[in-house]
Every structure is written in structure tokens, then in C-alpha cells.
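A.B. asks: Structure provided below as C-alpha cells; questions to follow.
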Amino acid sequence: MARFLLATVVILGCVANLEASFNCIGTNGDATGFPKEVCYTEKCTKAIKDHIKFEFEAAFLYMHMGAYFAQDTVARPGMTKFMLESASEERSHAILMLDYLNKRGVAISQDLQFNFSEADIPAEHKKALTMLVALEAALKMEISVTNKIHNVVKECEHDYHGADVFTNPILDEQHEGIRKLQGAVQEYKNLVHGHSESVAMVDFIFDQKILKESL
């Protein structure tokens with residue numbers, strides 16, 4: 001009988017540990033009654049919280065470049081439109097992630113802090129931006145963010161909902177954005193090749209194309 005009780009305690013202890021890893025233990029230590037499949041894992045939610053900052057940083061840099069091209073001394077409305085729309089998309093990704101954490105009952109506390117300064121702007125963004133440098137910088141940034149999203153999906157491998165949120169629609173939008181930027185960079189280079197005598201004309205043509213047709 002004693003052995004049976006000991007075995008029962010061990011089994012219950014293992015179940016409690018399993019449930020705890022999925023945050024299925026109530027505030028008073030009592031079981032919530034939810035199966036582990038509907039509870040979240042700390043490993044996944046931490047990765048999501050950490051990633052939100054990258055999305056806001058990407059939005060901040062897009063806004064920085066958009067403001068640069070909006071200046072009256074630069075006046076590239078197409079690039080301004082693209083950069084500011086991209087900033088809005090990155091912010092929407094961050095908001096989607098925050099909404100997801102709320103949906104799963106994850107506490108949003110002061111561990112989400114964003115302290116941006118001039119030091120957060122990469123060196124190439126502080127210089128006078130050309131259209132090609134800006135497009136290539138955006139492409140590099142999108143690839144970097146996408147790689148980080150892959151890491152989040154890996155951390156959420158046992159939390160299927162968390163992984164799904166990042167793969168659809170976020171990862172799909174990232175891949176689509178990368179493909180468009182790759183095409184834009186090549187199209188710009190093709191224009192330069194055909195009009196090498198006047199880069200200013202290339203900038204005007206390409207900017208108008210973005211303004212009228214989007215990127």
C-alpha cells in the first residue's frame with residue numbers, strides 16, 4: 001500500500017511538473033483543469049516578447065528613412081510612401097504579437113521596454129542615403145528580422161498556436177517583402193545600367209514608379 005501511494009505521488013508530481021511547464025497551474029498552486037495543449041510555454045512566450053522589440057526597431061528605422069526622403073531637399077515621395085508603409089507593417093506585426101500574448105493570458109509587464117536613441121541607427125542610415133543604399137538596407141533588415149522569426153518558430157515548436165501565428169501571416173509577409181525588395185534592387189540597377197549618364201533621372205523614374213505602382 002505504501003509503495004502504491006509513493007508511486008501515485010511520483011506520478012502526480014510528474015504531471016504537475018508537466019502542467020507547470022505549460023503554465024497550467026493556478027495562482028494558488030491548484031490545477032486549472034486546462035489540458036497542456038491550450039496553455040502556453042514560457043520558452044515560446046519569452047521568444048515572442050524578445051522579438052517584439054526587433055519589429056519596433058525595424059519600424060523605427062523605416063520611419064527614419066521615410067523622414068529622410070520626405071525632406072524638401074530630397075523630395076522622393078515614392079520612397080517616402082514605401083518606407084512609411086513598411087514602418088506601419090512592422091508596427092502591425094508587433095501589435096499582432098502583443099494581441100496574441102493577451103489572447104493566451106500572458107502577463108504584459110515592464111519587461112517590454114524600448115529605449116531608442118540615435119545610437120540605435122546603423123551608420124549607413126546616418127549618412128546621406130541614396131535610393132539604392134536605402135533599398136539594400138531595407139532588404140538586409142528584412143532578412144535579419146526573418147531569420148529571427150525562424151528562431152521564434154523553433155522556440156515555439158511545442159506551442160503550435162504560437163508557431164502558427166508567426167508562420168501565417170507574418171512569415172509569409174516577410175518572404176513576400178524580401179522578394180519584392182530583391183526585385184526592386186535589381187530593377188534599379190537595370191535602370192542605372194541603361195541610363196548610367198544620369199543617375200538623377202534614374203532616381204526620378206524609379207521614385208515615380210514606386211509612387212504610382214507601389215513596391
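Every chain in the C-alpha cells has a letter given in the order shown (A, B, ...), and although residue numbers restart at 1 in each chain, ligands are simply numbered from 1 in the order shown.
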Got a sec: who's within 9 Å of A:Phe60, counting only C-alpha atoms, leaving out chain neighbours fewer than 2 positions off, as a list in words?

C.D. replies: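 The residues that qualify are Glu55, Phe56, Glu57, Ala58, Tyr62, Met63, His64, Met65, Ala87, Glu90, Arg91, Phe116 and Ile121 of chain A.
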
A.B. asks: Mind dumping the selected residues with N, CA and C atoms as a PDB file, in the first residue's frame?

C.D. replies:
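Output file result.pdb is given in full below:
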ATOM      1  N   GLU A  55      10.753  44.057 -34.102  1.00  0.00           N
ATOM      2  CA  GLU A  55       9.740  44.594 -35.011  1.00  0.00           C
ATOM      3  C   GLU A  55       9.627  46.111 -34.854  1.00  0.00           C
ATOM      4  N   PHE A  56       9.643  46.582 -33.611  1.00  0.00           N
ATOM      5  CA  PHE A  56       9.574  48.020 -33.383  1.00  0.00           C
ATOM      6  C   PHE A  56      10.847  48.717 -33.866  1.00  0.00           C
ATOM      7  N   GLU A  57      11.996  48.066 -33.714  1.00  0.00           N
ATOM      8  CA  GLU A  57      13.245  48.649 -34.208  1.00  0.00           C
ATOM      9  C   GLU A  57      13.209  48.780 -35.731  1.00  0.00           C
ATOM     10  N   ALA A  58      12.679  47.748 -36.408  1.00  0.00           N
ATOM     11  CA  ALA A  58      12.553  47.801 -37.861  1.00  0.00           C
ATOM     12  C   ALA A  58      11.624  48.942 -38.270  1.00  0.00           C
ATOM     13  N   TYR A  62      12.597  52.245 -40.575  1.00  0.00           N
ATOM     14  CA  TYR A  62      11.820  52.593 -41.773  1.00  0.00           C
ATOM     15  C   TYR A  62      11.305  54.030 -41.667  1.00  0.00           C
ATOM     16  N   MET A  63      10.849  54.407 -40.482  1.00  0.00           N
ATOM     17  CA  MET A  63      10.370  55.782 -40.282  1.00  0.00           C
ATOM     18  C   MET A  63      11.506  56.778 -40.470  1.00  0.00           C
ATOM     19  N   HIS A  64      12.678  56.424 -39.990  1.00  0.00           N
ATOM     20  CA  HIS A  64      13.847  57.289 -40.133  1.00  0.00           C
ATOM     21  C   HIS A  64      14.163  57.532 -41.618  1.00  0.00           C
ATOM     22  N   MET A  65      14.156  56.435 -42.399  1.00  0.00           N
ATOM     23  CA  MET A  65      14.452  56.577 -43.832  1.00  0.00           C
ATOM     24  C   MET A  65      13.323  57.295 -44.554  1.00  0.00           C
ATOM     25  N   ALA A  87       7.045  50.820 -42.350  1.00  0.00           N
ATOM     26  CA  ALA A  87       7.064  51.064 -40.906  1.00  0.00           C
ATOM     27  C   ALA A  87       5.734  50.660 -40.281  1.00  0.00           C
ATOM     28  N   GLU A  90       5.531  46.849 -40.016  1.00  0.00           N
ATOM     29  CA  GLU A  90       6.320  46.308 -38.904  1.00  0.00           C
ATOM     30  C   GLU A  90       5.614  46.558 -37.577  1.00  0.00           C
ATOM     31  N   ARG A  91       5.021  47.733 -37.420  1.00  0.00           N
ATOM     32  CA  ARG A  91       4.273  48.021 -36.194  1.00  0.00           C
ATOM     33  C   ARG A  91       3.076  47.077 -36.063  1.00  0.00           C
ATOM     34  N   PHE A 116      14.990  53.769 -27.540  1.00  0.00           N
ATOM     35  CA  PHE A 116      15.704  54.063 -28.779  1.00  0.00           C
ATOM     36  C   PHE A 116      16.451  55.384 -28.654  1.00  0.00           C
ATOM     37  N   ILE A 121      20.628  53.777 -34.608  1.00  0.00           N
ATOM     38  CA  ILE A 121      20.566  53.893 -36.063  1.00  0.00           C
ATOM     39  C   ILE A 121      21.886  53.434 -36.666  1.00  0.00           C
TER      40      ILE A 121
END

A.B. asks: I want to know what sits within 12 Å of A:Phe204, based on only C-alpha atoms, with residues of the same chain fewer than 5 positions away left out; could you give that as a VMD selection string?

C.D. replies: chain A and resid 74 to 79 130 to 131 188 191 to 192 195 198 to 199 209 to 211

A.B. asks: Please dump the current selection as a CSV table (one decimal), in the first residue's frame; keep all heavy atoms.

C.D. replies:
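Okay, result03.csv is ready:
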chain,number,residue,atom,x,y,z
A,74,VAL,N,15.3,66.5,-50.6
A,74,VAL,CA,15.4,65.2,-51.2
A,74,VAL,C,14.2,65.0,-52.1
A,74,VAL,O,14.4,64.6,-53.3
A,74,VAL,CB,15.6,64.1,-50.2
A,74,VAL,CG1,15.8,62.7,-50.8
A,74,VAL,CG2,16.7,64.4,-49.2
A,75,ALA,N,13.0,65.1,-51.5
A,75,ALA,CA,11.8,65.1,-52.3
A,75,ALA,C,11.6,63.9,-53.1
A,75,ALA,O,11.5,63.9,-54.4
A,75,ALA,CB,11.6,66.3,-53.1
A,76,ARG,N,11.6,62.7,-52.5
A,76,ARG,CA,11.3,61.4,-53.2
A,76,ARG,C,10.0,60.8,-52.6
A,76,ARG,O,10.1,60.0,-51.7
A,76,ARG,CB,12.5,60.5,-53.1
A,76,ARG,CG,13.8,61.0,-53.7
A,76,ARG,CD,13.6,61.1,-55.2
A,76,ARG,NE,14.9,61.6,-55.9
A,76,ARG,CZ,14.9,62.1,-57.1
A,76,ARG,NH1,13.8,62.3,-57.7
A,76,ARG,NH2,16.1,62.5,-57.6
A,77,PRO,N,8.9,61.3,-53.1
A,77,PRO,CA,7.6,60.9,-52.5
A,77,PRO,C,7.3,59.4,-52.6
A,77,PRO,O,6.7,58.8,-51.7
A,77,PRO,CB,6.6,61.7,-53.3
A,77,PRO,CG,7.2,62.0,-54.6
A,77,PRO,CD,8.7,62.2,-54.2
A,78,GLY,N,7.9,58.7,-53.6
A,78,GLY,CA,7.7,57.3,-53.8
A,78,GLY,C,8.4,56.5,-52.7
A,78,GLY,O,7.8,55.6,-52.1
A,79,MET,N,9.7,56.9,-52.5
A,79,MET,CA,10.4,56.2,-51.4
A,79,MET,C,9.8,56.5,-50.0
A,79,MET,O,9.8,55.7,-49.2
A,79,MET,CB,11.9,56.7,-51.5
A,79,MET,CG,12.7,56.1,-52.6
A,79,MET,SD,12.9,54.3,-52.5
A,79,MET,CE,14.2,54.3,-51.2
A,130,THR,N,21.3,57.2,-50.5
A,130,THR,CA,20.8,57.2,-51.9
A,130,THR,C,19.7,56.2,-51.9
A,130,THR,O,19.5,55.4,-51.0
A,130,THR,CB,22.0,56.7,-52.8
A,130,THR,OG1,22.3,55.3,-52.5
A,130,THR,CG2,23.2,57.5,-52.7
A,131,MET,N,19.0,56.2,-53.0
A,131,MET,CA,17.8,55.2,-53.1
A,131,MET,C,18.3,53.8,-53.1
A,131,MET,O,17.7,52.9,-52.4
A,131,MET,CB,17.0,55.5,-54.4
A,131,MET,CG,16.3,56.9,-54.3
A,131,MET,SD,15.4,57.3,-55.8
A,131,MET,CE,14.1,56.0,-55.8
A,188,TYR,N,16.3,48.7,-60.1
A,188,TYR,CA,17.0,49.9,-60.0
A,188,TYR,C,18.4,49.8,-60.7
A,188,TYR,O,18.8,50.7,-61.5
A,188,TYR,CB,17.2,50.4,-58.6
A,188,TYR,CG,17.9,51.7,-58.4
A,188,TYR,CD1,17.1,52.9,-58.3
A,188,TYR,CD2,19.3,51.8,-58.4
A,188,TYR,CE1,17.8,54.1,-58.2
A,188,TYR,CE2,19.9,53.0,-58.3
A,188,TYR,CZ,19.1,54.2,-58.2
A,188,TYR,OH,19.8,55.4,-58.1
A,191,LEU,N,18.0,50.0,-64.4
A,191,LEU,CA,17.8,51.3,-64.9
A,191,LEU,C,19.1,52.1,-64.9
A,191,LEU,O,19.4,52.8,-65.9
A,191,LEU,CB,16.8,52.1,-64.0
A,191,LEU,CG,15.3,51.8,-64.2
A,191,LEU,CD1,14.5,52.4,-63.1
A,191,LEU,CD2,14.9,52.3,-65.6
A,192,VAL,N,20.0,51.9,-63.9
A,192,VAL,CA,21.3,52.6,-63.9
A,192,VAL,C,22.1,52.2,-65.1
A,192,VAL,O,22.8,52.9,-65.7
A,192,VAL,CB,22.0,52.3,-62.6
A,192,VAL,CG1,23.4,52.9,-62.6
A,192,VAL,CG2,21.3,53.0,-61.4
A,195,HIS,N,20.9,53.9,-68.0
A,195,HIS,CA,21.0,55.4,-68.0
A,195,HIS,C,22.2,55.8,-67.1
A,195,HIS,O,22.0,56.7,-66.2
A,195,HIS,CB,19.7,56.0,-67.5
A,195,HIS,CG,18.5,55.7,-68.3
A,195,HIS,ND1,17.8,54.5,-68.1
A,195,HIS,CD2,17.8,56.4,-69.2
A,195,HIS,CE1,16.8,54.4,-68.9
A,195,HIS,NE2,16.7,55.6,-69.6
A,198,SER,N,23.0,59.5,-66.2
A,198,SER,CA,22.2,60.4,-65.4
A,198,SER,C,21.5,59.6,-64.3
A,198,SER,O,20.3,59.1,-64.5
A,198,SER,CB,21.1,61.1,-66.3
A,198,SER,OG,20.3,61.9,-65.5
A,199,VAL,N,22.2,59.5,-63.2
A,199,VAL,CA,21.6,58.8,-62.0
A,199,VAL,C,20.4,59.5,-61.5
A,199,VAL,O,19.4,58.9,-61.0
A,199,VAL,CB,22.7,58.5,-60.9
A,199,VAL,CG1,22.0,57.9,-59.7
A,199,VAL,CG2,23.8,57.7,-61.5
A,209,LYS,N,7.8,55.5,-60.3
A,209,LYS,CA,7.2,54.1,-60.4
A,209,LYS,C,6.7,53.6,-59.1
A,209,LYS,O,5.6,53.0,-59.0
A,209,LYS,CB,8.3,53.2,-61.0
A,209,LYS,CG,7.9,51.7,-61.1
A,209,LYS,CD,9.0,50.9,-61.7
A,209,LYS,CE,8.6,49.4,-61.8
A,209,LYS,NZ,7.5,49.2,-62.7
A,210,ILE,N,7.5,53.8,-58.0
A,210,ILE,CA,7.1,53.3,-56.7
A,210,ILE,C,5.8,54.1,-56.3
A,210,ILE,O,4.9,53.5,-55.7
A,210,ILE,CB,8.2,53.5,-55.7
A,210,ILE,CG1,9.4,52.6,-56.0
A,210,ILE,CG2,7.7,53.2,-54.2
A,210,ILE,CD1,10.6,52.9,-55.1
A,211,LEU,N,5.8,55.4,-56.5
A,211,LEU,CA,4.7,56.2,-56.1
A,211,LEU,C,3.4,55.8,-56.8
A,211,LEU,O,2.3,55.8,-56.1
A,211,LEU,CB,5.0,57.7,-56.4
A,211,LEU,CG,4.0,58.7,-56.0
A,211,LEU,CD1,3.8,58.7,-54.5
A,211,LEU,CD2,4.3,60.1,-56.5

A.B. asks: Between A:Val153, A:Leu181, A:Arg104, A:Leu98, which is the closest to A:Ala137 once you count only C-alpha atoms?

C.D. replies: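 Smallest distance to A:Ala137 is found for A:Leu181.
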
A.B. asks: I want to know what sits within 12 Å of A:Asn168, based on only C-alpha atoms, with residues of the same chain fewer than 6 positions away left out; could you give that as a count of residues only?

C.D. replies: 9

A.B. asks: Name all residues at most 12 Å from A:Leu171 (count only C-alpha atoms; drop same-chain ones fewer than 2 positions away) and give them as a PyMOL selection string.

C.D. replies: chain A and resi 90+93+142-143+145-153+163-169+173-178

A.B. asks: Using Å and a single decimal, report how far atom CA of A:Lys103 sits from atom CA of A:Asp50.

C.D. replies: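 About the pair atom CA of A:Asp50 and atom CA of A:Lys103: they are 17.6 Å apart.
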
A.B. asks: Extract, using only C-alpha atoms, all DNA, RNA and protein residues at most 10 Å from A:Lys81, discarding same-chain residues fewer than 6 positions from it, and format them as a count of residues only.

C.D. replies: 10
